[in-house]
Amino acid sequence: MRRKTIPSVVLRLYPRAWRARYGEELLGLVDELFDAHNSRSRVVIDIALSGLAQRGQAAFRSRRTTVTMGAVALLLMPLAALNIINSESPSHSPGWTSVVGEGNVFPVDVPGGPVASVSDCPFPPKLSNSATSRNHLSISVSLVPPGSASVTVGNKTYDLSNACEYTIRGRS
Amino acid sequence: MPTPNLNAKMDRSLLILTALASGPKHGYALMQDIADFSGIRIGPGTLYNSLSKLEARGLIQALDPDDRRRPYRITPKGIAELRDQLSESARLAQFGLRRLRASR
C-alpha cells in the first residue's frame with residue numbers, strides 16, 4: 001500500500017492541470033513498474049524530477065505570458081500616444097470632430113461642449129459612460145431596444161444603424 | 001546495440017514517435033519498446049512529460065483508455081515530423097561517416 005502512496009504524494013509536484021490530465025495514467029504506469037520489480041527509488045526520483053520540471057515550465061510559461069503582455073503594452077503605448085496626438089489635431093470648426101459608434105440617441109448636452117442633435121429616436125437614451133481627458137470628451141449612450149436614428153454633429157449628419165450602444169468622441 | 005549513455009542524450013520525443021510508428025501503445029509498452037530498440041530506459045515521469053508535449057503539439061493522439069492504461073497513437077503530423085527528423089539524422093550520420101572515412 002505504501003508504495004502506491006509515495007508516488008501519489010510526489011505527483012503533487014506537478015501542476016494541477018497536468019495532474020488532472022495525466023496523473024491517473026502516470027500512477028497506473030508506476031504501479032505496473034512496481035509490479036514488474038523495477039527500482040522503486042529510481043521511479044520515484046524520476047517522477048519527482050519530472051514534476052519539478054513540469055512546474056518550472058509552467059511557471060516559465062506564466063512569466064513569459066506576463067512579459068509578453070508587458071511588451072505588447074509597451075509597444076502599444078506609442079501608438080496610443082500617437083492616436084491622442086492625431087485626435088488633438090486642430091479643427092477649423094468648433095464642436096465635435098468625430099463620431100464613433102452607432103445607436104439611437106436623443107440630444108445630449110455635453111457640459112462645456114457642443115450639442116449633438118438626434119432624430120427618429122423613440123426611446124430615451126441612457127448615458128452609460130462619460131469621460132474627459134485633456135481637450136477631448138468621450139461619451140457613450142445606450143438605448144434599449146435598438147432602432148434606427150441619425151446624429152447631427154456640427155454640419156454633418158451621421159446615420160446610426162441598429163445597435164444598443166454607441167460612443168461619440170470629439171473636441172469639447 | 002548503440003551505447004546507451006550516448007543515446008540517452010537523444011531526443012526522447014523522437015524515440016517515442018519511433019515507438020508509436022509501429023502502432024498505438026500505452027505507457028508501459030512504450031517504455032518496453034524503446035528499451036528494446038534503443039537500449040534506453042525512460043523513466044515514467046520523463047515519458048509522460050514528453051507525451052504531454054507531443055500531444056500538445058498534435059504529434060500524437062490519446063485513444064480511449066483501457067482501465068488505467070491509455071494508449072497513444074502517432075498522428076499524420078507526427079509521422080511527417082518523424083520522417084523529417086529521421087531523414088535529417090540520416091543525412092548527418094552519412095556526412096559524419098564520410099568525413100571519418102576521409103580522415104583515415
# chains A, B, ... in the order shown; residues from 1 in each chain; ligands from 1

$ closest_atom_pairs --of "chain A" --to "chain B" --cutoff "7 Å" --atoms "only C-alpha atoms" --output "CSV"
residue,atom,partner,partner_atom,distance
A:Glu24,CA,B:Arg68,CA,6.8
A:Glu25,CA,B:Arg68,CA,5.6
A:Leu26,CA,B:Pro44,CA,6.8
A:Gly28,CA,B:Arg68,CA,5.5
A:Leu29,CA,B:Tyr28,CA,6.1
A:Val30,CA,B:Pro44,CA,6.8
A:Val43,CA,B:Gly43,CA,6.4
A:Asp46,CA,B:Gly45,CA,5.6
A:Ile47,CA,B:Gly45,CA,4.1
A:Ser50,CA,B:Gly45,CA,5.2

$ write_last_selection --atoms "C-alpha atoms" --output "mmCIF file, in the first residue's frame"
data_model
loop_
_atom_site.group_PDB
_atom_site.id
_atom_site.type_symbol
_atom_site.label_atom_id
_atom_site.label_comp_id
_atom_site.auth_asym_id
_atom_site.auth_seq_id
_atom_site.Cartn_x
_atom_site.Cartn_y
_atom_site.Cartn_z
ATOM 1 C CA GLU A 24 -4.019 8.769 -13.127
ATOM 2 C CA GLU A 25 -2.236 7.333 -16.166
ATOM 3 C CA LEU A 26 1.142 8.047 -14.649
ATOM 4 C CA GLY A 28 -1.104 3.379 -13.304
ATOM 5 C CA LEU A 29 2.231 3.122 -15.101
ATOM 6 C CA VAL A 30 4.115 3.433 -11.816
ATOM 7 C CA VAL A 43 10.918 5.534 -10.357
ATOM 8 C CA ASP A 46 12.187 10.239 -11.901
ATOM 9 C CA ILE A 47 8.595 11.346 -11.345
ATOM 10 C CA SER A 50 9.836 15.418 -13.929
#
